[in-house]
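Have a look at protein37.cif; it's mmCIF, C-alpha atoms:
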```
data_work
loop_
_atom_site.label_atom_id
_atom_site.label_comp_id
_atom_site.auth_asym_id
_atom_site.auth_seq_id
_atom_site.Cartn_x
_atom_site.Cartn_y
_atom_site.Cartn_z
CA MET A 70 113.17 134.35 53.36
CA SER A 71 109.39 134.36 53.24
CA GLN A 72 107.07 134.49 50.25
CA ILE A 73 103.98 136.67 50.15
CA THR A 74 102.02 138.00 47.18
CA HIS A 75 101.13 141.38 45.73
CA LYS A 76 98.21 141.30 43.27
CA GLY A 77 98.73 137.56 42.81
CA LYS A 78 102.46 137.80 42.05
CA PRO A 79 105.03 136.39 44.49
CA ILE A 80 107.31 138.75 46.36
CA THR A 81 110.00 137.93 48.90
CA THR A 82 110.77 139.35 52.30
CA TYR A 83 114.24 139.63 53.84
CA GLY A 84 113.97 136.81 56.34
CA HIS A 85 111.60 135.28 58.87
CA LEU A 86 109.63 136.94 61.61
CA PRO A 87 110.85 136.51 65.16
CA GLU A 88 109.03 133.58 66.80
CA LYS A 89 106.40 133.45 69.49
CA GLY A 90 108.07 133.21 72.90
CA GLU A 91 111.23 135.08 71.80
CA ARG A 92 112.11 138.56 72.97
CA ALA A 93 111.47 141.18 70.32
CA PRO A 94 114.63 142.58 68.73
CA HIS A 95 115.74 146.07 69.75
CA PHE A 96 114.68 148.88 67.43
CA GLU A 97 115.25 152.59 66.94
CA LEU A 98 112.52 154.32 64.95
CA LEU A 99 111.52 157.94 64.43
CA LYS A 100 108.49 159.55 66.03
CA SER A 101 106.59 162.34 64.28
CA ASP A 102 108.71 164.99 66.03
CA LEU A 103 111.84 163.24 64.63
CA SER A 104 112.95 162.04 68.06
CA VAL A 105 113.99 158.41 68.44
CA ALA A 106 111.78 155.76 70.01
CA THR A 107 113.18 152.41 71.11
CA LEU A 108 111.55 149.17 72.21
CA GLN A 109 112.73 149.98 75.75
CA ASP A 110 110.47 153.08 75.74
CA PHE A 111 107.45 150.77 75.80
CA LYS A 112 108.64 148.39 78.54
CA GLY A 113 105.83 147.74 80.99
CA LYS A 114 103.18 148.15 78.26
CA ARG A 115 101.59 145.47 76.15
CA VAL A 116 102.35 146.34 72.53
CA ILE A 117 100.61 145.80 69.20
CA MET A 118 103.09 146.42 66.40
CA ASN A 119 100.96 147.20 63.33
CA ILE A 120 103.49 147.16 60.47
CA PHE A 121 102.59 148.05 56.89
CA PRO A 122 103.93 149.37 53.54
CA SER A 123 102.43 152.89 53.48
CA ILE A 124 99.93 154.92 55.46
CA ASP A 125 98.66 156.36 52.16
CA THR A 126 97.01 153.13 50.99
CA ASN A 127 93.49 152.04 51.89
CA VAL A 128 94.33 148.75 53.60
CA CYS A 129 97.14 150.29 55.65
CA ALA A 130 94.92 153.18 56.73
CA THR A 131 92.16 150.73 57.63
CA SER A 132 94.50 148.70 59.84
CA VAL A 133 95.64 151.84 61.70
CA ASN A 134 92.03 152.89 62.33
CA ASN A 135 90.92 149.36 63.31
CA PHE A 136 93.72 148.72 65.78
CA SER A 137 93.27 152.20 67.25
CA GLU A 138 89.55 151.60 67.87
CA ARG A 139 89.85 147.99 69.03
CA ALA A 140 92.73 148.60 71.43
CA ALA A 141 91.21 151.73 72.99
CA ASP A 142 89.40 149.72 75.69
CA LEU A 143 92.25 147.33 76.43
CA GLU A 144 94.21 147.92 79.60
CA ASN A 145 97.89 148.87 79.38
CA VAL A 146 98.09 148.48 75.57
CA VAL A 147 99.85 150.73 73.07
CA VAL A 148 99.56 150.42 69.30
CA LEU A 149 102.73 151.15 67.32
CA ASN A 150 101.98 151.94 63.66
CA ILE A 151 105.24 151.27 61.82
CA SER A 152 106.10 151.98 58.18
CA ARG A 153 108.78 153.60 56.06
CA ASP A 154 106.61 156.65 55.44
CA LEU A 155 108.07 159.97 56.42
CA PRO A 156 107.06 160.97 59.95
CA PHE A 157 105.34 164.05 58.46
CA ALA A 158 102.98 161.86 56.38
CA GLN A 159 102.24 159.70 59.41
CA GLU A 160 101.43 162.77 61.51
CA ARG A 161 99.21 164.25 58.78
CA PHE A 162 97.25 160.98 58.66
CA ARG A 163 96.89 160.94 62.46
CA LYS A 164 95.50 164.48 62.52
CA VAL A 165 93.14 164.07 59.55
CA ASN A 166 91.74 160.81 60.96
CA GLU A 167 91.74 162.01 64.58
CA ILE A 168 93.71 159.00 65.80
CA SER A 169 94.50 159.41 69.48
CA ASN A 170 95.31 155.82 70.46
CA GLY A 171 98.59 154.87 68.86
CA VAL A 172 102.14 155.94 68.18
CA ASN A 173 103.35 156.35 64.60
CA LEU A 174 106.93 155.27 64.02
CA SER A 175 109.05 155.48 60.88
CA ASP A 176 111.88 153.26 59.65
CA PHE A 177 112.79 155.62 56.80
CA ARG A 178 116.13 156.84 58.17
CA GLU A 179 118.10 153.81 59.41
CA ARG A 180 116.08 151.13 57.57
CA ASN A 181 117.20 148.44 60.04
CA PHE A 182 113.82 147.52 61.48
CA GLY A 183 112.62 145.65 58.37
CA LYS A 184 115.79 143.56 58.23
CA ASP A 185 116.01 142.93 61.99
CA TYR A 186 112.39 141.74 62.07
CA GLY A 187 112.64 139.80 58.76
CA LEU A 188 109.83 141.65 57.03
CA GLU A 189 111.40 144.03 54.50
CA ILE A 190 110.27 143.39 50.93
CA ILE A 191 113.33 142.68 48.78
CA ASP A 192 111.87 142.34 45.28
CA GLY A 193 108.92 143.32 43.12
CA PRO A 194 107.20 146.70 42.82
CA MET A 195 107.14 147.24 46.61
CA GLU A 196 110.85 146.52 47.09
CA GLY A 197 112.26 148.43 50.07
CA LEU A 198 108.94 148.77 51.91
CA LEU A 199 107.80 146.81 54.95
CA SER A 200 105.39 143.90 54.51
CA ARG A 201 102.06 143.79 56.34
CA VAL A 202 102.78 142.22 59.73
CA VAL A 203 101.32 142.26 63.22
CA ILE A 204 103.48 141.43 66.23
CA VAL A 205 102.02 141.47 69.75
CA LEU A 206 104.29 141.77 72.79
CA ASP A 207 103.79 141.37 76.51
CA GLU A 208 104.98 143.94 79.08
CA ASN A 209 108.54 142.59 78.91
CA GLY A 210 108.90 142.53 75.12
CA LYS A 211 108.21 138.81 74.75
CA ILE A 212 106.38 137.92 71.54
CA LEU A 213 102.85 136.63 72.08
CA HIS A 214 101.61 136.63 68.46
CA THR A 215 102.90 137.18 64.93
CA GLU A 216 101.18 137.33 61.57
CA GLN A 217 102.67 138.14 58.19
CA VAL A 218 99.71 138.66 55.87
CA ASP A 219 100.13 136.34 52.87
CA LYS A 220 98.43 138.67 50.38
CA ILE A 221 99.71 142.17 51.05
CA GLU A 222 96.43 143.69 49.87
CA ASP A 223 94.53 141.89 52.67
CA GLU A 224 93.95 143.15 56.19
CA PRO A 225 95.48 141.37 59.18
CA ASN A 226 93.39 139.11 61.40
CA TYR A 227 92.49 141.64 64.11
CA LEU A 228 90.75 139.15 66.39
CA GLU A 229 93.70 136.72 66.46
CA ALA A 230 96.09 139.60 67.15
CA LEU A 231 94.00 140.87 70.05
CA LYS A 232 93.32 137.45 71.64
CA PRO A 233 96.52 137.35 73.75
CA LEU A 234 95.62 140.78 75.17
CA LEU A 235 92.06 139.96 76.27
#
```

Target encoding structure tokens, full file:
Amino acid sequence: MSQITHKGKPITTYGHLPEKGERAPHFELLKSDLSVATLQDFKGKRVIMNIFPSIDTNVCATSVNNFSERAADLENVVVLNISRDLPFAQERFRKVNEISNGVNLSDFRERNFGKDYGLEIIDGPMEGLLSRVVIVLDENGKILHTEQVDKIEDEPNYLEALKPLL
């Protein structure tokens, strides 16, 4: 289990993030049209997994916009914005903010992603949501970078996340 904080109070996540050099665990998440996306769907692409509690909070929205803008000029890169929000909320956000570079994916139905990746919050006021995490993968699903943000109200380190892709 890992410890992070929310407004200065400790909260716990389900386990530990997969480690750099490992292959990313398989996942099945919902796209905005309610079809299923798997890790295999992105094979051959370099992947930024931008994982967060809810698209309807300022920091989460900022991370979606920042990764979308910063990854736009990178070759063969896809940004996966992953939360437990309903796919309809994710799609609304995408349209309102005119986000064209990124795929929104939801873990609301099966709720396995947070456990499999060791980042589900298991106590405190945000229990059941995903913690703020960035995982970067190469074209074969090997992990190049991970960051679990210590203070959930902080943004991830965008530059460190993008370094392995430059």

Taking the file as shown, find all residues satisfying the PyMOL selection byres ((chain A and resi 75) around 7) and write them as number ranges by chain. A: 74, 76-80, 220-222

Excluding Val105 (chain A) and residues on its chain fewer than 3 positions from it, collect all residues at most 12 Å away from it, counting all atoms listed in the file, and give them as a CSV table (one decimal) with C-alpha atoms, in the frame of the given file.
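Final output, out_29.csv:
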```csv
chain,number,residue,atom,x,y,z
A,96,PHE,CA,114.7,148.9,67.4
A,97,GLU,CA,115.2,152.6,66.9
A,98,LEU,CA,112.5,154.3,65.0
A,99,LEU,CA,111.5,157.9,64.4
A,100,LYS,CA,108.5,159.6,66.0
A,101,SER,CA,106.6,162.3,64.3
A,102,ASP,CA,108.7,165.0,66.0
A,108,LEU,CA,111.6,149.2,72.2
A,109,GLN,CA,112.7,150.0,75.8
A,110,ASP,CA,110.5,153.1,75.7
A,156,PRO,CA,107.1,161.0,60.0
A,173,ASN,CA,103.4,156.4,64.6
A,174,LEU,CA,106.9,155.3,64.0
A,175,SER,CA,109.0,155.5,60.9
A,176,ASP,CA,111.9,153.3,59.6
A,178,ARG,CA,116.1,156.8,58.2
A,179,GLU,CA,118.1,153.8,59.4
```

Excluding Gln217 (chain A) and any residue of its chain fewer than 5 positions from it, enumerate the residues within 7 Å of it, using only C-alpha atoms, and give them as a ChimeraX atom specification. /A:201-203

Starting from the point (99.7, 149.2, 74.2), work out which residues of protein, DNA or RNA have an atom no more than 9 Å away when counting only C-alpha atoms; state them as a PyMOL selection string. chain A and resi 111+114-118+140-141+143-149+170-171+206+208

Using all atoms listed in the file, determine which residues lie at most 7 Å from Gly210 (chain A), disregarding the query and same-chain residues fewer than 5 positions distant; provide the list as a ChimeraX atom specification. /A:92-93,112

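Closest approach to His95 (chain A) among A:Leu155, A:Glu189, A:Gly183, A:Phe136: A:Gly183, based on all atoms listed in the file.
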
Could you check how far CA of Asn135 (chain A) sits from CA of Ile212 (chain A), in Å to one decimal? 20.9 Å

Some atoms are absent from region 186-198 of chain A, so rebuild N, CA, C and O atoms and return them as an mmCIF file, in the coordinates of the input.
```cif
data_model
loop_
_atom_site.group_PDB
_atom_site.id
_atom_site.type_symbol
_atom_site.label_atom_id
_atom_site.label_comp_id
_atom_site.auth_asym_id
_atom_site.auth_seq_id
_atom_site.Cartn_x
_atom_site.Cartn_y
_atom_site.Cartn_z
ATOM 1 N N TYR A 186 113.625 142.475 61.806
ATOM 2 C CA TYR A 186 112.390 141.740 62.070
ATOM 3 C C TYR A 186 112.025 140.794 60.923
ATOM 4 O O TYR A 186 111.006 140.120 60.971
ATOM 5 N N GLY A 187 112.839 140.737 59.858
ATOM 6 C CA GLY A 187 112.640 139.800 58.760
ATOM 7 C C GLY A 187 111.431 140.078 57.900
ATOM 8 O O GLY A 187 110.834 139.164 57.346
ATOM 9 N N LEU A 188 111.058 141.345 57.742
ATOM 10 C CA LEU A 188 109.830 141.650 57.030
ATOM 11 C C LEU A 188 109.977 142.691 55.911
ATOM 12 O O LEU A 188 108.991 143.080 55.291
ATOM 13 N N GLU A 189 111.190 143.097 55.616
ATOM 14 C CA GLU A 189 111.400 144.030 54.500
ATOM 15 C C GLU A 189 111.185 143.306 53.173
ATOM 16 O O GLU A 189 111.642 142.184 52.975
ATOM 17 N N ILE A 190 110.488 143.954 52.263
ATOM 18 C CA ILE A 190 110.270 143.390 50.930
ATOM 19 C C ILE A 190 111.519 143.632 50.101
ATOM 20 O O ILE A 190 112.010 144.759 50.018
ATOM 21 N N ILE A 191 112.053 142.555 49.483
ATOM 22 C CA ILE A 191 113.330 142.680 48.780
ATOM 23 C C ILE A 191 113.234 142.544 47.266
ATOM 24 O O ILE A 191 114.247 142.602 46.572
ATOM 25 N N ASP A 192 112.021 142.369 46.737
ATOM 26 C CA ASP A 192 111.870 142.340 45.280
ATOM 27 C C ASP A 192 110.457 142.776 44.892
ATOM 28 O O ASP A 192 109.609 142.996 45.752
ATOM 29 N N GLY A 193 110.237 142.929 43.609
ATOM 30 C CA GLY A 193 108.920 143.320 43.120
ATOM 31 C C GLY A 193 108.693 144.819 43.222
ATOM 32 O O GLY A 193 109.577 145.582 43.622
ATOM 33 N N PRO A 194 107.488 145.269 42.879
ATOM 34 C CA PRO A 194 107.200 146.700 42.820
ATOM 35 C C PRO A 194 107.229 147.397 44.189
ATOM 36 O O PRO A 194 107.358 148.616 44.253
ATOM 37 N N MET A 195 107.131 146.636 45.279
ATOM 38 C CA MET A 195 107.140 147.240 46.610
ATOM 39 C C MET A 195 108.489 147.056 47.318
ATOM 40 O O MET A 195 108.600 147.237 48.533
ATOM 41 N N GLU A 196 109.516 146.729 46.545
ATOM 42 C CA GLU A 196 110.850 146.520 47.090
ATOM 43 C C GLU A 196 111.262 147.713 47.965
ATOM 44 O O GLU A 196 111.082 148.870 47.594
ATOM 45 N N GLY A 197 111.794 147.401 49.148
ATOM 46 C CA GLY A 197 112.260 148.430 50.070
ATOM 47 C C GLY A 197 111.233 148.844 51.105
ATOM 48 O O GLY A 197 111.573 149.511 52.078
ATOM 49 N N LEU A 198 109.973 148.449 50.915
ATOM 50 C CA LEU A 198 108.940 148.770 51.910
ATOM 51 C C LEU A 198 108.821 147.620 52.896
ATOM 52 O O LEU A 198 109.416 146.559 52.726
#
```
